[in-house]
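> One structure is given below, represented as C-alpha cells, and several questions about it will come after.
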Amino acid sequence: MTTLMGTDAPFAVSVRGVNMVFDGVHAVRDATFDLEKGRFLTILGPSGSGKTTLLRMIAGFGKPTSGEVFINGLAVGSVPPHRRSIGMVFQKLALFPHMTAAENVAFPLRMRRFDARTIPDRVQRYLDLVKLGKLGDRRIHELSGGQQQRVAIARALVFEPDLLLLDEPLAALDRKLREEMQLEFRRIQRELDVTTINVTHDQREALVVSDEIIVMDHGRIQQKARPEATYRQPSNAFVANFIGVTNFIDGMVTAVDGDTIAFDRPGLAGRPGNGFRPLVGMAARGALRAEQIRIAGGREALGDVDTVFEGAVTDAIFEGERVVYEVTVPDLDGAALRVFDHDPVAHSQHEVGAAVAVGWNARDVLVFGD
Amino acid sequence: MKGDRSKAVTLWTFVVAALIMLSAPTLVVLGASFTAGNMITFPPEGLSLKWYAAIAGATDLRDAFLRSLIVASICTAVAIPTGTLAGIALAKYRVRFAAGVQVYLLLPFTVPLIGSGIGLMLIFGRWGVLGQLWPVGVAAAVINLPFMIWAVTASAAALDPDLELAAANCGAPPLSTFLAVTVPAVMPGIITGALLMFILALNEFLVSLLLVDARIVTLPVQIYNSIRSIITPDLAAISVVFIAVAAAAIALLDRLVGLDIFLKSK
Ligand SMILES: Nc1ncnc2c1ncn2[C@@H]1O[C@H](COP(=O)(O)OP(=O)(O)O)[C@@H](O)[C@H]1O
Ligand SMILES: [Mg+2]
C-alpha cells in the first residue's frame with residue numbers, strides 16, 4: 001500500500017492530482033488538497049462544477065481516472081467503499097425505507113460487526129445526539145424532512161468514522177430549517193471532533209459552518225482558504241463573483257505604483273488581487289463588494305473616500321436590515337453598480353430616479369486580469 | 001356542456017357494458033353452482049349447497065385441486081429467485097443487447113402456448129421426467145416468467161440508486177447490500193409477481209394438458225376431462241372454489257402491497 005510521505009501526523013484526507021472523466025465530460029480536473037484532522041471543510045461551487053464527483057471519489061464510489069486519494073496517509077485507490085471508515089449523508093438522504101429510524105442507525109453497526117449487546121445503547125446515544133431520542137421506532141416516512149435529516153446524520157456518525165461526508169443534504173429544506181441544521185452540523189462536528197467534508201452551492205452556508213472553503217468551478221479547484229480569506233482575498237474574479245455581491249468594473253491599467261493600480265477612468269484605482277501582476281496597457285477588471293460602496297444624495301455627504309462617481313438610482317429594494325440599490329453610472333459606460341446601504345433608518349431611502357453620488361476607497365477594489 | 005354530458009353517458013355505457021361482459025361468466029358459474037337441480041343451468045333451479053357437498057366428497061376433484069396447488073407452488077418457488085434476479089439486473093445495469101432481451105421476454109406471448117407446450121413436452125420427455133408434477137410447475141414458471149420479471153423491474157426502476165451506495169457506505173459488502181437493502185426495497189414487486197405467477201400456474205391449462213398423464217391431472221385438466229363426459233353442476237362448484245382461491249390471492253396482494261408503507265416513503 002502506498003503512503004503519502006512528508007509529514008509526521010498524516011492528513012485526514014489528501015487528494016493528489018485527481019481527475020475524473022465520464023465519457024467526454026471532464027468532471028474533476030487535477031484536484032489537489034490536504035485536510036487536517038478534525039477540520040470542517042466545505043466544497044463550494046455552482047451546480048455541475050464537480051463537487052459531488054469529487055466527494056464520491058473520496059467515499060470510494062467511482063475510481064479516479066487518474067490521481068490518488070489518501071485517507072490518514074494511506075492510498076485508498078484499491079479499498080472498496082464498504083471497507084472505508086467514512087460516514088456519508090447523501091443529497092437525497094438514501095435512508096432505508098423498510099427500516100425504522102433506529103434500524104437505520106443500527107445498520108452500520110451490524111454491518112461493521114459491533115458487539116450486538118452494545119448496539120441498542122449506542123443507537124440510542126446517537127439518536128439523542130441528533131435530538132431524536134424518542135422517535136427511534138418511527139418508520140422513515142413517518143418523520144418530517146428535518147427529522148429524516150437527523151436520522152441520516154446519526155447513521156453516518158454512529159460507527160465513529162474517520163471522516164464525515166455531506167453532499168448538500170440541506171438543499172431540499174426551507175431556509176429557516178436549513179440555517180438551523182447548519183448550526184446543528186457545526187455543533188455535532190465540534191462535539192465529536194470528526195473531520196468533515198461538506199458540499200454545497202450555498203455561499204452563506206459555506207461561510208457560516210466551515211473552517212476552510214474550497215471553491216470549485218468547471219471541475220477545477222479555484223481557491224482553498226479560510227472563510228474570511230475566501231471572502232476578503234478571493235483568488236480570482238470567479239471566486240469574487242461567486243461569494244458575496246460583487247461589482248466588476250472593466251478597464252485598462254494606466255499606471256502601476258507599488259500596490260496601487262490606476263485605471264483609465266478618472267479617480268479609479270485599486271490594489272492587485274491574489275497573485276495578479278499588472279502591466280500598463282493591460283486589460284483588467286476591478287472587483288468591488290456591494291457593501292463597500294457608500295451612497296448619498298451628494299458628493300459632500302459621502303465623507304472621506306478615494307473615488308466618487310455620480311449616477312442615478314435605477315432600482316431600490318428594501319430588505320429590512322438593508323436597502324439594495326442599483327445605481328447607473330454614466331462615467332463608467334453606464335455600468336449598474338449594486339450598493340448595500342446598511343443604515344436605511346438613519347437617512348431616508350433614495351427613490352428610483354434620484355440623482356446620487358457613490359464612493360469607495362481604492363483599497364477595496366481588487367484588480368484581476370481575467 | 002351538452003357535449004360533455006353525452007360524452008359522459010357514452011363513457012359510462014361502455015364501462016358498464018365492459019363490467020357486465022367481464023363478470024358475466026363468473027356470475028353465471030356462481031349462480032349455477034348453487035342449483036338444486038341436476039343440470040347446469042342459469043338461472044339455477046332452486047338454491048342448495050349440495051354440489052359443494054358433492055365436490056367435498058369427490059376425491060378425484062380434490063386431488064386434482066391439491067395437485068394444482070402444488071404445481072402453482074413449484075412455479076412460484078422457481079419464479080421468485082429467477083424473476084427477482086433477472087428483474088433487478090434488467091433495471092439496474094444497462095444490460096448489453098437490452099433490446100434483444102426485451103424481445104426475448106415478449107416471446108412467451110408471441111409464441112402460441114401450444115408451441116411452447118410441445119417444446120417443453122419434448123424436452124421433458126427426452127429427460128424422462130414426464131409423469132411427475134414438478135416439470136409442470138417448472139413449465140408454468142418458464143412460460144409466465146415475463147410477468148414476474150416485469151413486476152420486479154417496475155419496482156427496481158423506481159429504486160433510488162444511492163440506496164445501495166448508502167449500504168456500502170455503512171459497511172455492507174455487496175451480498176449483504178443485496179439481501180438487506182435491495183431485495184426488501186423491491187419487495188412489493190416480488191410479492192406482486194409471485195402472486196401473479198401463483199394464479200397463472202393455478203389456472204394453467206394448455207401446457208398442463210400436454211405434460212400430465214391420467215395419474216397426475218391438474219384441476220383445469222380434470223374439469224376439461226369431465227366436461228367431455230357429462231356437464232354436472234359440481235364443475236360449476238369447483239370452478240367457484242377455484243375463483244375464490246384466485247380472488248383470495250388478489251386480496252392478499254392488495255393487502256400486502258397496498259398496505260406496504262415503504263412504497264410511500266419516497
Ligand atoms: N455518472 C456520470 N456520468 C456522466 N457524467 C457525469 C456523471 N456524474 C457527473 N457527471 C457530470 O460531471 C459534471 C459534474 O457533476 P457533479 O459532480 O454532479 O457536479 P455538482 O455536484 O457540483 O453539481 C456534470 O457535468 C455532470 O453532468
Ligand atoms: Mg452535486
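Identifiers in this document derive from the order of the C-alpha cells: chains are assigned A, B, ..., residues are numbered from 1 separately in each chain, and ligands are numbered from 1 in order of occurrence.
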In stretch 199-274 of chain A, what's helix (DSSP H, G or I) per DSSP? Answer as an NGL selection string?

:A and (203-209 or 227-232 or 237-242)

> Kindly provide, as a PDB file with all heavy atoms, in the first residue's frame, the residues of chain B having any atom no farther than 7 Å from an atom of chain A, counting only C-alpha atoms.


ATOM      1  N   ASP B 162     -28.822   5.584  -5.007  1.00  0.00           N
ATOM      2  CA  ASP B 162     -27.953   5.901  -3.871  1.00  0.00           C
ATOM      3  C   ASP B 162     -28.171   4.948  -2.695  1.00  0.00           C
ATOM      4  O   ASP B 162     -27.324   4.846  -1.813  1.00  0.00           O
ATOM      5  CB  ASP B 162     -28.203   7.336  -3.383  1.00  0.00           C
ATOM      6  CG  ASP B 162     -27.477   8.346  -4.252  1.00  0.00           C
ATOM      7  OD1 ASP B 162     -26.711   7.921  -5.127  1.00  0.00           O
ATOM      8  OD2 ASP B 162     -27.696   9.555  -4.048  1.00  0.00           O
ATOM      9  N   LEU B 163     -29.326   4.247  -2.689  1.00  0.00           N
ATOM     10  CA  LEU B 163     -29.639   3.363  -1.573  1.00  0.00           C
ATOM     11  C   LEU B 163     -28.558   2.295  -1.406  1.00  0.00           C
ATOM     12  O   LEU B 163     -28.121   1.996  -0.292  1.00  0.00           O
ATOM     13  CB  LEU B 163     -30.994   2.699  -1.833  1.00  0.00           C
ATOM     14  CG  LEU B 163     -31.984   2.627  -0.693  1.00  0.00           C
ATOM     15  CD1 LEU B 163     -32.113   3.942   0.036  1.00  0.00           C
ATOM     16  CD2 LEU B 163     -33.346   2.177  -1.220  1.00  0.00           C
ATOM     17  N   ALA B 166     -25.395   3.847  -0.213  1.00  0.00           N
ATOM     18  CA  ALA B 166     -25.509   4.145   1.216  1.00  0.00           C
ATOM     19  C   ALA B 166     -25.224   2.886   2.028  1.00  0.00           C
ATOM     20  O   ALA B 166     -24.544   2.939   3.058  1.00  0.00           O
ATOM     21  CB  ALA B 166     -26.895   4.691   1.538  1.00  0.00           C
ATOM     22  N   ALA B 168     -23.317   0.367   1.137  1.00  0.00           N
ATOM     23  CA  ALA B 168     -21.870   0.138   1.071  1.00  0.00           C
ATOM     24  C   ALA B 168     -21.163   1.083   2.032  1.00  0.00           C
ATOM     25  O   ALA B 168     -20.247   0.689   2.762  1.00  0.00           O
ATOM     26  CB  ALA B 168     -21.365   0.349  -0.352  1.00  0.00           C
ATOM     27  N   ASN B 169     -21.604   2.331   2.047  1.00  0.00           N
ATOM     28  CA  ASN B 169     -21.008   3.325   2.943  1.00  0.00           C
ATOM     29  C   ASN B 169     -21.179   2.928   4.409  1.00  0.00           C
ATOM     30  O   ASN B 169     -20.354   3.243   5.257  1.00  0.00           O
ATOM     31  CB  ASN B 169     -21.652   4.684   2.657  1.00  0.00           C
ATOM     32  CG  ASN B 169     -21.048   5.778   3.497  1.00  0.00           C
ATOM     33  OD1 ASN B 169     -21.691   6.279   4.405  1.00  0.00           O
ATOM     34  ND2 ASN B 169     -19.812   6.129   3.222  1.00  0.00           N
ATOM     35  N   CYS B 170     -22.266   2.209   4.692  1.00  0.00           N
ATOM     36  CA  CYS B 170     -22.497   1.733   6.058  1.00  0.00           C
ATOM     37  C   CYS B 170     -21.632   0.517   6.392  1.00  0.00           C
ATOM     38  O   CYS B 170     -21.678   0.010   7.507  1.00  0.00           O
ATOM     39  CB  CYS B 170     -23.972   1.348   6.251  1.00  0.00           C
ATOM     40  SG  CYS B 170     -25.067   2.762   6.385  1.00  0.00           S
ATOM     41  N   GLY B 171     -20.902   0.026   5.392  1.00  0.00           N
ATOM     42  CA  GLY B 171     -20.012  -1.091   5.651  1.00  0.00           C
ATOM     43  C   GLY B 171     -20.528  -2.424   5.132  1.00  0.00           C
ATOM     44  O   GLY B 171     -19.965  -3.470   5.447  1.00  0.00           O
ATOM     45  N   ALA B 172     -21.616  -2.397   4.354  1.00  0.00           N
ATOM     46  CA  ALA B 172     -22.194  -3.644   3.873  1.00  0.00           C
ATOM     47  C   ALA B 172     -21.494  -4.103   2.599  1.00  0.00           C
ATOM     48  O   ALA B 172     -21.454  -3.367   1.619  1.00  0.00           O
ATOM     49  CB  ALA B 172     -23.688  -3.463   3.596  1.00  0.00           C
ATOM     50  N   PRO B 173     -20.925  -5.325   2.607  1.00  0.00           N
ATOM     51  CA  PRO B 173     -20.370  -5.858   1.362  1.00  0.00           C
ATOM     52  C   PRO B 173     -21.496  -6.117   0.360  1.00  0.00           C
ATOM     53  O   PRO B 173     -22.667  -6.129   0.736  1.00  0.00           O
ATOM     54  CB  PRO B 173     -19.688  -7.154   1.799  1.00  0.00           C
ATOM     55  CG  PRO B 173     -20.232  -7.474   3.147  1.00  0.00           C
ATOM     56  CD  PRO B 173     -20.740  -6.217   3.741  1.00  0.00           C
ATOM     57  N   VAL B 181     -30.844  -4.656   1.657  1.00  0.00           N
ATOM     58  CA  VAL B 181     -31.364  -3.373   1.173  1.00  0.00           C
ATOM     59  C   VAL B 181     -32.107  -3.506  -0.154  1.00  0.00           C
ATOM     60  O   VAL B 181     -33.268  -3.123  -0.274  1.00  0.00           O
ATOM     61  CB  VAL B 181     -30.215  -2.342   1.044  1.00  0.00           C
ATOM     62  CG1 VAL B 181     -30.699  -1.078   0.347  1.00  0.00           C
ATOM     63  CG2 VAL B 181     -29.681  -2.006   2.424  1.00  0.00           C
ATOM     64  N   PRO B 184     -35.373  -6.106   0.023  1.00  0.00           N
ATOM     65  CA  PRO B 184     -36.526  -5.514   0.720  1.00  0.00           C
ATOM     66  C   PRO B 184     -37.120  -4.311  -0.017  1.00  0.00           C
ATOM     67  O   PRO B 184     -38.325  -4.118  -0.011  1.00  0.00           O
ATOM     68  CB  PRO B 184     -35.941  -5.072   2.069  1.00  0.00           C
ATOM     69  CG  PRO B 184     -34.739  -5.901   2.260  1.00  0.00           C
ATOM     70  CD  PRO B 184     -34.191  -6.178   0.896  1.00  0.00           C
ATOM     71  N   ALA B 185     -36.269  -3.542  -0.667  1.00  0.00           N
ATOM     72  CA  ALA B 185     -36.779  -2.352  -1.349  1.00  0.00           C
ATOM     73  C   ALA B 185     -37.608  -2.707  -2.584  1.00  0.00           C
ATOM     74  O   ALA B 185     -38.498  -1.963  -2.965  1.00  0.00           O
ATOM     75  CB  ALA B 185     -35.631  -1.420  -1.732  1.00  0.00           C
ATOM     76  N   PHE B 262     -43.591   1.030   2.933  1.00  0.00           N
ATOM     77  CA  PHE B 262     -42.318   1.511   2.409  1.00  0.00           C
ATOM     78  C   PHE B 262     -42.427   1.983   0.968  1.00  0.00           C
ATOM     79  O   PHE B 262     -41.597   2.715   0.486  1.00  0.00           O
ATOM     80  CB  PHE B 262     -41.174   0.528   2.622  1.00  0.00           C
ATOM     81  CG  PHE B 262     -41.431  -0.900   2.250  1.00  0.00           C
ATOM     82  CD1 PHE B 262     -41.318  -1.315   0.953  1.00  0.00           C
ATOM     83  CD2 PHE B 262     -41.757  -1.830   3.243  1.00  0.00           C
ATOM     84  CE1 PHE B 262     -41.512  -2.643   0.630  1.00  0.00           C
ATOM     85  CE2 PHE B 262     -41.956  -3.165   2.922  1.00  0.00           C
ATOM     86  CZ  PHE B 262     -41.836  -3.563   1.611  1.00  0.00           C
ATOM     87  N   SER B 265     -42.739   5.858   0.988  1.00  0.00           N
ATOM     88  CA  SER B 265     -41.759   6.676   1.707  1.00  0.00           C
ATOM     89  C   SER B 265     -40.939   7.556   0.775  1.00  0.00           C
ATOM     90  O   SER B 265     -40.199   8.391   1.227  1.00  0.00           O
ATOM     91  CB  SER B 265     -40.822   5.783   2.498  1.00  0.00           C
ATOM     92  OG  SER B 265     -40.085   5.006   1.599  1.00  0.00           O
TER      93      SER B 265
END

> Give the residues close to ligand 1, within 10 Å, counting only C-alpha atoms and all ligand atoms; write them as a PyMOL selection string.

chain A and resi 20-28+43-57+62+91+167-168+199-201+216-219

> When you look at A:Ala237 with a cut-off of 9 Å (counting only C-alpha atoms), what residues show up, excluding the ones that are within fewer than 6 positions of it in the same chain? I need them as a PyMOL selection string.

chain A and resi 248+273+285-287+367-370

> For a quick check of understanding, using only C-alpha atoms, which of A:Val208, A:Ile58, A:Val339, A:Leu173 has the smallest distance to A:Val79?

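Of the candidates, the smallest distance to A:Val79 is held by A:Ile58.
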